[in-house]
>>> print(open('target-v6.cif').read())   # mmCIF, C-alpha atoms (C1' of nucleotides)
data_protein
loop_
_atom_site.label_atom_id
_atom_site.label_comp_id
_atom_site.auth_asym_id
_atom_site.auth_seq_id
_atom_site.Cartn_x
_atom_site.Cartn_y
_atom_site.Cartn_z
CA MET A 157 -2.26 -3.48 -13.71
CA THR A 158 0.31 -6.24 -13.41
CA ASP A 159 -0.02 -9.29 -11.19
CA ASP A 160 2.70 -7.97 -8.92
CA ASP A 161 0.91 -4.71 -8.64
CA ARG A 162 -2.33 -6.39 -7.68
CA VAL A 163 -0.59 -8.43 -5.00
CA PHE A 164 1.28 -5.48 -3.50
CA LYS A 165 -1.85 -3.34 -3.52
CA ALA A 166 -3.85 -6.12 -1.92
CA LEU A 167 -1.26 -6.48 0.83
CA ALA A 168 -1.23 -2.74 1.48
CA ASP A 169 -4.41 -2.74 3.56
CA PRO A 170 -4.23 -3.93 7.19
CA THR A 171 -7.75 -5.35 7.13
CA ARG A 172 -6.86 -7.48 4.15
CA ARG A 173 -3.68 -8.71 5.82
CA PHE A 174 -5.78 -9.58 8.85
CA LEU A 175 -8.21 -11.52 6.65
CA LEU A 176 -5.25 -13.49 5.32
CA ASP A 177 -4.20 -14.12 8.90
CA LEU A 178 -7.66 -15.42 9.69
CA LEU A 179 -7.59 -17.75 6.71
CA PHE A 180 -4.09 -18.83 7.59
CA ALA A 181 -5.34 -19.77 11.06
CA ARG A 182 -8.32 -21.63 9.69
CA GLU A 183 -8.97 -22.33 6.03
CA GLY A 184 -12.36 -22.53 4.39
CA GLN A 185 -14.12 -19.78 6.33
CA THR A 186 -17.26 -18.18 5.00
CA LEU A 187 -17.92 -14.50 4.48
CA THR A 188 -20.14 -14.45 7.56
CA GLU A 189 -17.47 -16.03 9.71
CA LEU A 190 -14.85 -13.58 8.52
CA GLU A 191 -17.24 -10.69 8.95
CA SER A 192 -17.70 -11.50 12.62
CA ALA A 193 -13.96 -11.16 13.18
CA VAL A 194 -13.56 -7.61 11.92
CA ALA A 195 -15.22 -4.36 12.98
CA MET A 196 -16.86 -3.72 9.64
CA THR A 197 -20.03 -4.53 7.78
CA ARG A 198 -20.35 -7.54 5.53
CA TYR A 199 -20.09 -5.29 2.49
CA GLY A 200 -16.74 -3.92 3.48
CA VAL A 201 -15.41 -7.42 4.04
CA MET A 202 -16.80 -8.50 0.66
CA LYS A 203 -14.92 -5.71 -1.07
CA HIS A 204 -11.69 -6.66 0.64
CA LEU A 205 -12.16 -10.32 -0.24
CA LYS A 206 -12.77 -9.35 -3.83
CA VAL A 207 -9.46 -7.50 -3.93
CA LEU A 208 -7.73 -10.51 -2.42
CA GLU A 209 -9.37 -12.83 -4.93
CA GLU A 210 -8.37 -10.65 -7.85
CA ALA A 211 -4.80 -10.76 -6.58
CA ASP A 212 -5.18 -14.53 -6.37
CA LEU A 213 -4.24 -14.41 -2.72
CA VAL A 214 -7.56 -15.99 -1.83
CA VAL A 215 -9.34 -18.72 -3.75
CA THR A 216 -12.91 -19.80 -3.13
CA ARG A 217 -15.22 -22.75 -3.43
CA ARG A 218 -18.99 -22.65 -3.37
CA SER A 219 -20.74 -25.07 -1.11
CA GLY A 220 -24.48 -24.58 -1.36
CA ARG A 221 -25.32 -21.12 -0.25
CA GLU A 222 -21.92 -20.70 1.37
CA LYS A 223 -18.69 -19.51 -0.18
CA LEU A 224 -15.59 -20.94 1.38
CA HIS A 225 -12.38 -18.92 1.33
CA PHE A 226 -8.87 -20.29 1.18
CA LEU A 227 -5.49 -18.64 1.44
CA ASN A 228 -3.27 -19.06 -1.59
CA ALA A 229 0.35 -18.34 -0.77
CA VAL A 230 1.68 -18.75 -4.30
CA PRO A 231 1.52 -15.08 -5.30
CA ILE A 232 3.23 -14.11 -2.06
CA ARG A 233 6.01 -16.52 -2.80
CA GLU A 234 6.37 -15.17 -6.31
CA VAL A 235 6.59 -11.60 -5.11
CA HIS A 236 8.98 -12.77 -2.47
CA ASP A 237 11.23 -14.59 -4.89
CA ARG A 238 11.17 -12.05 -7.68
CA TRP A 239 11.38 -8.88 -5.75
CA ILE A 240 11.95 -9.05 -2.06
CA ASP A 241 14.90 -11.41 -2.08
CA LYS A 242 16.70 -8.95 -4.29
CA TYR A 243 16.79 -6.39 -1.50
CA THR A 244 17.21 -8.61 1.47
CA GLU A 245 20.19 -10.75 0.49
CA ARG A 246 19.17 -12.51 3.56
CA HIS A 247 21.79 -14.83 4.80
CA VAL A 248 24.67 -12.45 4.35
CA ALA A 249 23.01 -9.12 5.00
CA ALA A 250 21.19 -10.17 8.13
CA LEU A 251 24.36 -11.30 9.76
CA ILE A 252 26.23 -8.18 8.78
CA ASP A 253 23.49 -5.98 10.15
CA LEU A 254 23.28 -7.94 13.34
CA LYS A 255 27.01 -7.75 13.78
CA ASN A 256 26.95 -3.97 13.34
CA GLU A 257 24.05 -3.72 15.70
CA LEU A 258 25.77 -5.67 18.40
CA GLU A 259 29.02 -3.79 17.96
CA SER A 260 27.33 -0.41 18.21
CA GLU A 261 25.75 -1.39 21.49
CA ARG A 262 29.02 -2.10 23.22
CA MET B 299 -0.09 3.53 11.55
CA THR B 300 2.33 0.76 12.34
CA ASP B 301 5.76 0.34 10.80
CA ASP B 302 4.57 -2.68 8.90
CA ASP B 303 1.68 -0.73 7.54
CA ARG B 304 3.92 2.07 6.36
CA VAL B 305 6.19 -0.39 4.59
CA PHE B 306 3.39 -2.30 2.88
CA LYS B 307 1.71 0.93 1.82
CA ALA B 308 4.98 2.29 0.48
CA LEU B 309 5.54 -0.86 -1.55
CA ALA B 310 2.02 -0.72 -2.99
CA ASP B 311 2.86 1.88 -5.61
CA PRO B 312 4.69 0.82 -8.79
CA THR B 313 6.54 4.13 -9.11
CA ARG B 314 7.90 3.74 -5.61
CA ARG B 315 9.00 0.18 -6.30
CA PHE B 316 10.72 1.46 -9.41
CA LEU B 317 12.51 4.12 -7.38
CA LEU B 318 13.75 1.38 -5.08
CA ASP B 319 14.91 -0.50 -8.17
CA LEU B 320 16.82 2.56 -9.31
CA LEU B 321 18.49 2.94 -5.92
CA PHE B 322 19.24 -0.75 -5.85
CA ALA B 323 20.99 -0.39 -9.19
CA ARG B 324 22.95 2.65 -8.04
CA GLU B 325 22.98 4.01 -4.52
CA GLY B 326 23.31 7.65 -3.59
CA GLN B 327 21.28 9.16 -6.41
CA THR B 328 19.92 12.67 -6.12
CA LEU B 329 16.34 13.75 -6.59
CA THR B 330 17.20 15.25 -9.96
CA GLU B 331 18.77 12.02 -11.14
CA LEU B 332 15.81 9.96 -10.03
CA GLU B 333 13.39 12.45 -11.56
CA SER B 334 14.98 12.01 -14.97
CA ALA B 335 14.24 8.27 -14.84
CA VAL B 336 10.49 8.49 -14.34
CA ALA B 337 7.77 10.17 -16.39
CA MET B 338 6.73 12.57 -13.69
CA THR B 339 7.59 15.98 -12.36
CA ARG B 340 10.10 16.51 -9.59
CA TYR B 341 7.28 17.14 -7.14
CA GLY B 342 5.70 13.79 -7.73
CA VAL B 343 9.01 12.06 -7.22
CA MET B 344 9.58 14.05 -4.04
CA LYS B 345 6.28 12.88 -2.62
CA HIS B 346 7.10 9.27 -3.41
CA LEU B 347 10.53 9.60 -1.85
CA LYS B 348 8.97 11.09 1.24
CA VAL B 349 6.68 8.07 1.59
CA LEU B 350 9.67 5.77 1.15
CA GLU B 351 11.66 7.72 3.73
CA GLU B 352 8.83 7.60 6.25
CA ALA B 353 8.71 3.85 5.78
CA ASP B 354 12.46 3.85 6.33
CA LEU B 355 12.94 2.12 3.01
CA VAL B 356 15.09 5.00 1.85
CA VAL B 357 17.60 6.89 3.93
CA THR B 358 19.27 10.12 2.86
CA ARG B 359 22.38 12.15 3.34
CA ARG B 360 22.84 15.78 2.50
CA SER B 361 25.88 16.74 0.53
CA GLY B 362 25.91 20.45 -0.07
CA ARG B 363 22.85 21.35 -2.05
CA GLU B 364 22.30 17.75 -3.03
CA LYS B 365 20.38 15.09 -1.17
CA LEU B 366 21.64 11.58 -1.73
CA HIS B 367 19.22 8.70 -1.48
CA PHE B 368 20.04 5.19 -0.34
CA LEU B 369 18.02 2.02 -0.28
CA ASN B 370 17.55 0.52 3.16
CA ALA B 371 16.51 -3.11 2.93
CA VAL B 372 16.04 -3.65 6.66
CA PRO B 373 12.28 -2.92 6.78
CA ILE B 374 11.74 -5.20 3.83
CA ARG B 375 13.56 -7.94 5.57
CA GLU B 376 11.54 -7.40 8.72
CA VAL B 377 8.27 -7.57 6.86
CA HIS B 378 9.60 -10.56 5.04
CA ASP B 379 10.62 -12.39 8.18
CA ARG B 380 7.62 -11.52 10.31
CA TRP B 381 4.88 -11.85 7.83
CA ILE B 382 5.70 -13.26 4.45
CA ASP B 383 7.61 -16.28 5.64
CA LYS B 384 4.56 -17.31 7.57
CA TYR B 385 2.79 -17.94 4.30
CA THR B 386 5.66 -19.12 2.20
CA GLU B 387 7.27 -21.52 4.62
CA ARG B 388 10.70 -20.69 3.43
CA HIS B 389 13.76 -22.26 4.90
CA VAL B 390 15.18 -19.54 7.05
CA ALA B 391 15.31 -21.55 10.21
CA ALA B 392 19.08 -21.58 10.32
CA LEU B 393 19.36 -17.82 10.16
CA ILE B 394 16.63 -17.24 12.69
CA ASP B 395 18.21 -19.70 15.06
CA LEU B 396 21.53 -18.00 14.68
CA LYS B 397 19.98 -14.61 15.29
CA ASN B 398 18.28 -15.84 18.43
CA GLU B 399 21.46 -17.42 19.57
CA LEU B 400 23.46 -14.25 19.12
CA GLU B 401 20.81 -12.12 20.72
CA SER B 402 20.60 -14.33 23.76
CA GLU B 403 24.29 -13.73 24.29
CA ARG B 404 23.78 -10.05 24.95
"C1'" DT C 49 -43.51 -23.44 0.81
"C1'" DT C 50 -42.06 -20.10 3.37
"C1'" DG C 51 -39.08 -17.77 6.39
"C1'" DA C 52 -34.50 -17.37 7.74
"C1'" DC C 53 -29.92 -17.35 6.10
"C1'" DA C 54 -25.72 -16.58 2.94
"C1'" DT C 55 -24.16 -14.00 -0.51
"C1'" DG C 56 -24.26 -10.43 -4.46
"C1'" DT C 57 -24.79 -5.62 -6.86
"C1'" DG C 58 -24.84 -0.77 -7.74
"C1'" DA C 59 -25.27 3.72 -6.04
"C1'" DC C 60 -23.40 6.67 -2.97
"C1'" DC C 61 -20.28 9.23 0.23
"C1'" DT C 62 -15.85 10.40 2.45
"C1'" DT C 63 -11.05 10.09 2.89
"C1'" DT C 64 -6.68 9.11 0.95
"C1'" DT C 65 -3.53 9.16 -2.71
"C1'" DG C 66 -1.03 10.59 -6.84
"C1'" DG C 67 0.24 14.34 -9.24
"C1'" DT C 68 0.97 19.35 -10.62
"C1'" DC C 69 1.97 24.21 -9.91
"C1'" DA C 70 3.46 28.77 -8.00
"C1'" DC C 71 6.59 30.25 -5.13
"C1'" DC C 72 10.52 29.89 -1.91
"C1'" DT C 73 15.31 28.87 0.23
"C1'" DA C 74 19.94 27.20 0.01
"C1'" DT C 75 24.22 26.28 -2.41
"C1'" DC C 76 27.46 26.13 -6.17
"C1'" DG C 77 30.65 28.11 -9.73
"C1'" DT C 78 32.58 31.89 -11.81
"C1'" DA D 214 27.88 39.11 -6.15
"C1'" DC D 215 24.90 36.71 -9.13
"C1'" DG D 216 22.85 33.54 -12.14
"C1'" DA D 217 22.13 28.80 -12.39
"C1'" DT D 218 21.19 24.72 -9.97
"C1'" DA D 219 19.22 21.52 -6.20
"C1'" DG D 220 15.82 20.97 -3.22
"C1'" DG D 221 11.41 22.29 -0.24
"C1'" DT D 222 6.37 23.82 0.91
"C1'" DG D 223 1.48 24.45 0.69
"C1'" DA D 224 -2.48 24.83 -2.05
"C1'" DC D 225 -4.95 22.56 -5.19
"C1'" DC D 226 -7.30 18.98 -8.14
"C1'" DA D 227 -8.72 14.43 -9.98
"C1'" DA D 228 -8.92 9.74 -9.30
"C1'" DA D 229 -8.94 5.75 -6.45
"C1'" DA D 230 -9.89 3.40 -2.22
"C1'" DG D 231 -12.52 2.31 1.97
"C1'" DG D 232 -16.88 1.78 3.68
"C1'" DT D 233 -22.13 1.75 4.08
"C1'" DC D 234 -26.83 1.06 2.49
"C1'" DA D 235 -31.09 -0.37 -0.12
"C1'" DC D 236 -32.28 -3.91 -2.60
"C1'" DA D 237 -31.98 -8.45 -4.80
"C1'" DT D 238 -30.96 -13.59 -5.70
"C1'" DG D 239 -30.16 -18.17 -4.40
"C1'" DT D 240 -30.39 -21.97 -0.77
"C1'" DC D 241 -31.47 -24.39 3.37
"C1'" DA D 242 -34.58 -26.60 6.72
"C1'" DA D 243 -38.86 -27.53 9.00
#
>>> encode(input="target-v6.cif", output="structure tokens")
Amino acid sequence: MTDDDRVFKALADPTRRFLLDLLFAREGQTLTELESAVAMTRYGVMKHLKVLEEADLVVTRRSGREKLHFLNAVPIREVHDRWIDKYTERHVAALIDLKNELESER
Amino acid sequence: MTDDDRVFKALADPTRRFLLDLLFAREGQTLTELESAVAMTRYGVMKHLKVLEEADLVVTRRSGREKLHFLNAVPIREVHDRWIDKYTERHVAALIDLKNELESER
DNA sequence: TTGACATGTGACCTTTTGGTCACCTATCGT
DNA sequence: ACGATAGGTGACCAAAAGGTCACATGTCAA
């Protein structure tokens, strides 16, 4: 499995995207903190965090008995740059689409 | 299942990303053409294309007995703008401002 | 030092996903 | 008209993913 593949697969699950949202809102949360924010047992959250870690979307630091989780945006940026930009051609395409959209509404 | 979810799930599979690559390289390919480019039966490709269509990443047009497939980058851009930029802090402010400006003129 | 707390592991189950196949319909060219 | 060609459907199967649980280790704090 390639790095890209791991990242895309990790992003495919809504719970995992929500965990990233939580870490984006506040870095350094523990498993227990994250667990309390989703309707799922600790074990489910652990599995999701493991997937995110293996995709390098989350990095961790031990602090005593706690494990702190941090969002790492680098893989997202890489996927973004290597793959998504190719299809979005943003600055030009967005304007063209918007123009068409507005014209069709007249 | 939300639109976002469908798009992320569709992008999670490497074969589907490859199909998008193929359509990016040459638009309007038929099922048979696409099939010949991947190590899989026609039925497998059909299933993947169905997932891509349901995510609106691929749009189609019938032409006689052929079905032509086209890449549609709009959902990718939406996911990109709504979700990925949040983590990558890209410089898209100008475009977004312009979009908002144009939209407010409606 | 001992009980509560934070995390970890492996087995287990269910649902989803990826893929194939038999069979079917529609359309083209001659 | 008719064979070849393009695409479609539903059943089916194996593998992977999502989730829970029993049990286990390490760490804090009084």
>>> residues_around(input="target-v6.cif", residues="range 186-193 of chain A", least_positions_apart="5", cutoff="10 Å", atoms="only C-alpha atoms (C1' of nucleotides)", output="compact mmCIF listing (two decimals) with C-alpha atoms (C1' of nucleotides), keeping the file's coordinate frame")
# COMPACT_ATOMS: atom_id res chain seq x y z
CA PHE A 174 -5.78 -9.58 8.85
CA LEU A 175 -8.21 -11.52 6.65
CA LEU A 178 -7.66 -15.42 9.69
CA LEU A 179 -7.59 -17.75 6.71
CA ARG A 198 -20.35 -7.54 5.53
CA TYR A 199 -20.09 -5.29 2.49
CA GLY A 200 -16.74 -3.92 3.48
CA VAL A 201 -15.41 -7.42 4.04
CA MET A 202 -16.80 -8.50 0.66
CA LEU A 205 -12.16 -10.32 -0.24
CA THR A 216 -12.91 -19.80 -3.13
CA ARG A 217 -15.22 -22.75 -3.43
CA ARG A 218 -18.99 -22.65 -3.37
CA SER A 219 -20.74 -25.07 -1.11
CA GLU A 222 -21.92 -20.70 1.37
CA LYS A 223 -18.69 -19.51 -0.18
CA LEU A 224 -15.59 -20.94 1.38
CA HIS A 225 -12.38 -18.92 1.33
CA PHE A 226 -8.87 -20.29 1.18
C1' DA C 54 -25.72 -16.58 2.94
C1' DT C 55 -24.16 -14.00 -0.51
>>> calpha_fit_and_write(input="target-v6.cif", fixed="chain A", moving="chain B", output="short mmCIF file (atom, residue, chain, number, x, y, z; two decimals) with C-alpha atoms, in the coordinates of the input")
data_model
loop_
_atom_site.label_atom_id
_atom_site.label_comp_id
_atom_site.auth_asym_id
_atom_site.auth_seq_id
_atom_site.Cartn_x
_atom_site.Cartn_y
_atom_site.Cartn_z
CA MET B 299 1.58 -6.75 -13.37
CA THR B 300 4.39 -7.84 -11.11
CA ASP B 301 3.98 -9.73 -7.86
CA ASP B 302 5.01 -6.68 -5.92
CA ASP B 303 2.44 -4.63 -7.70
CA ARG B 304 -0.30 -7.10 -6.93
CA VAL B 305 0.63 -7.09 -3.26
CA PHE B 306 0.82 -3.32 -2.93
CA LYS B 307 -2.46 -2.90 -4.79
CA ALA B 308 -4.12 -5.51 -2.61
CA LEU B 309 -2.94 -3.74 0.53
CA ALA B 310 -4.21 -0.38 -0.73
CA ASP B 311 -7.82 -1.04 0.23
CA PRO B 312 -8.89 -0.68 3.88
CA THR B 313 -11.51 -3.42 3.63
CA ARG B 314 -8.89 -5.84 2.38
CA ARG B 315 -6.51 -4.90 5.17
CA PHE B 316 -9.34 -5.48 7.60
CA LEU B 317 -9.98 -8.91 6.11
CA LEU B 318 -6.32 -9.72 6.67
CA ASP B 319 -6.75 -8.51 10.25
CA LEU B 320 -9.69 -10.85 10.68
CA LEU B 321 -7.72 -13.80 9.32
CA PHE B 322 -4.78 -12.85 11.48
CA ALA B 323 -7.05 -12.96 14.51
CA ARG B 324 -8.52 -16.31 13.50
CA GLU B 325 -7.33 -18.43 10.61
CA GLY B 326 -9.53 -20.64 8.48
CA GLN B 327 -12.62 -18.46 8.36
CA THR B 328 -15.24 -19.00 5.70
CA LEU B 329 -16.62 -16.41 3.33
CA THR B 330 -19.85 -16.29 5.31
CA GLU B 331 -18.00 -15.66 8.54
CA LEU B 332 -15.92 -12.90 7.03
CA GLU B 333 -18.98 -11.38 5.38
CA SER B 334 -20.69 -10.99 8.73
CA ALA B 335 -17.78 -8.86 9.98
CA VAL B 336 -17.90 -6.18 7.30
CA ALA B 337 -20.69 -3.86 6.19
CA MET B 338 -20.90 -5.21 2.69
CA THR B 339 -22.62 -7.92 0.73
CA ARG B 340 -21.09 -11.34 0.21
CA TYR B 341 -20.23 -10.41 -3.36
CA GLY B 342 -18.13 -7.47 -2.35
CA VAL B 343 -16.24 -9.59 0.14
CA MET B 344 -15.72 -12.25 -2.51
CA LYS B 345 -14.15 -9.74 -4.85
CA HIS B 346 -11.81 -8.51 -2.14
CA LEU B 347 -10.83 -12.05 -1.24
CA LYS B 348 -10.13 -12.77 -4.87
CA VAL B 349 -7.75 -9.81 -5.04
CA LEU B 350 -6.04 -11.02 -1.87
CA GLU B 351 -5.77 -14.54 -3.26
CA GLU B 352 -4.28 -13.32 -6.53
CA ALA B 353 -1.70 -11.42 -4.52
CA ASP B 354 -1.08 -14.64 -2.62
CA LEU B 355 -1.82 -12.86 0.63
CA VAL B 356 -4.62 -15.30 1.30
CA VAL B 357 -4.58 -19.00 0.57
CA THR B 358 -7.63 -21.25 0.74
CA ARG B 359 -8.66 -24.80 1.33
CA ARG B 360 -11.96 -26.35 0.43
CA SER B 361 -13.73 -28.34 3.07
CA GLY B 362 -16.97 -29.69 1.71
CA ARG B 363 -19.13 -26.79 0.72
CA GLU B 364 -17.02 -24.39 2.73
CA LYS B 365 -13.93 -22.53 1.64
CA LEU B 366 -11.49 -21.79 4.42
CA HIS B 367 -9.29 -18.74 4.17
CA PHE B 368 -5.80 -18.39 5.59
CA LEU B 369 -3.47 -15.45 5.84
CA ASN B 370 -0.17 -15.91 4.06
CA ALA B 371 2.41 -13.44 5.30
CA VAL B 372 5.16 -14.43 2.88
CA PRO B 373 4.40 -11.80 0.19
CA ILE B 374 4.25 -9.13 2.85
CA ARG B 375 7.59 -10.16 4.12
CA GLU B 376 9.03 -10.13 0.63
CA VAL B 377 7.75 -6.66 -0.06
CA HIS B 378 8.99 -5.66 3.33
CA ASP B 379 12.47 -7.04 2.79
CA ARG B 380 12.93 -5.94 -0.80
CA TRP B 381 11.42 -2.55 -0.70
CA ILE B 382 10.42 -1.15 2.64
CA ASP B 383 13.64 -1.89 4.45
CA LYS B 384 15.44 0.15 1.87
CA TYR B 385 13.72 3.23 3.21
CA THR B 386 13.51 2.35 6.84
CA GLU B 387 17.00 1.05 7.39
CA ARG B 388 15.85 -1.52 9.82
CA HIS B 389 18.21 -3.92 11.46
CA VAL B 390 17.58 -7.13 9.64
CA ALA B 391 21.14 -7.74 8.64
CA ALA B 392 21.50 -10.77 10.85
CA LEU B 393 18.53 -12.53 9.34
CA ILE B 394 19.49 -11.69 5.79
CA ASP B 395 23.00 -12.92 6.39
CA LEU B 396 21.68 -16.12 7.82
CA LYS B 397 19.35 -16.60 4.89
CA ASN B 398 22.17 -16.06 2.43
CA GLU B 399 24.33 -18.41 4.36
CA LEU B 400 21.75 -21.16 4.34
CA GLU B 401 20.93 -20.65 0.71
CA SER B 402 24.55 -20.84 -0.32
CA GLU B 403 24.68 -24.26 1.27
CA ARG B 404 22.23 -25.71 -1.21
#
>>> resolve_selection(input="target-v6.cif", expression="the PyMOL selection byres ((chain D and resi 215) around 12)", output="list in words")
DC76, DG77 and DT78 of chain C; DA214, DG216 and DA217 of chain D
>>> residues_around(input="target-v6.cif", residues="DA59 in chain C", least_positions_apart="6", cutoff="12 Å", atoms="only C-alpha atoms (C1' of nucleotides)", output="PyMOL selection string")
chain D and resi 233-236
>>> write_last_selection(input="target-v6.cif", atoms="C-alpha atoms (C1' of nucleotides)", output="mmCIF file, in the coordinates of the input")
data_model
loop_
_atom_site.group_PDB
_atom_site.id
_atom_site.type_symbol
_atom_site.label_atom_id
_atom_site.label_comp_id
_atom_site.auth_asym_id
_atom_site.auth_seq_id
_atom_site.Cartn_x
_atom_site.Cartn_y
_atom_site.Cartn_z
ATOM 1 C "C1'" DT D 233 -22.130 1.750 4.080
ATOM 2 C "C1'" DC D 234 -26.830 1.060 2.490
ATOM 3 C "C1'" DA D 235 -31.090 -0.370 -0.120
ATOM 4 C "C1'" DC D 236 -32.280 -3.910 -2.600
#
>>> resolve_selection(input="target-v6.cif", expression="the PyMOL selection byres ((chain D) within 10 of (chain B))", output="list of chain:residue names")
D:DT218, D:DA219, D:DG220, D:DG221
>>> write_last_selection(input="target-v6.cif", atoms="C-alpha atoms (C1' of nucleotides)", output="PDB file, in the coordinates of the input")
ATOM      1  C1'  DT D 218      21.190  24.720  -9.970  1.00  0.00           C
ATOM      2  C1'  DA D 219      19.220  21.520  -6.200  1.00  0.00           C
ATOM      3  C1'  DG D 220      15.820  20.970  -3.220  1.00  0.00           C
ATOM      4  C1'  DG D 221      11.410  22.290  -0.240  1.00  0.00           C
TER       5       DG D 221
END
>>> resolve_selection(input="target-v6.cif", expression="the PyMOL selection byres ((chain B) within 6 of (chain A))", output="PyMOL selection string")
chain B and resi 306-307+310+371+375+385-386
>>> atom_distance(input="target-v6.cif", atom1="CA of Gln185 in chain A", atom2="CA of Ala211 in chain A")
18.3 Å
>>> atom_distance(input="target-v6.cif", atom1="C1' of DT62 in chain C", atom2="CA of Val194 in chain A")
20.5 Å
>>> atom_distance(input="target-v6.cif", atom1="CA of Arg172 in chain A", atom2="C1' of DC60 in chain C")
22.9 Å
>>> axis_aligned_box(input="target-v6.cif", around="range 314-327 of chain B", padding_each_side="5 Å", output="lines of an AutoDock Vina configuration file")
center_x = 15.6
center_y = 4.2
center_z = -6.5
size_x = 25.4
size_y = 19.9
size_z = 15.8
>>> closest_atom_pairs(input="target-v6.cif", of="chain C", to="chain B", cutoff="10 Å", atoms="only C-alpha atoms (C1' of nucleotides)", output="Markdown table")
| residue | atom | partner | partner_atom | distance |
| --- | --- | --- | --- | --- |
| C:DG66 | C1' | B:Gly342 | CA | 7.5 |
| C:DG67 | C1' | B:Gly342 | CA | 5.7 |
| C:DT68 | C1' | B:Tyr341 | CA | 7.5 |
| C:DC69 | C1' | B:Tyr341 | CA | 9.3 |
| C:DA74 | C1' | B:Arg363 | CA | 6.9 |
| C:DT75 | C1' | B:Arg363 | CA | 5.1 |
| C:DC76 | C1' | B:Arg363 | CA | 7.8 |
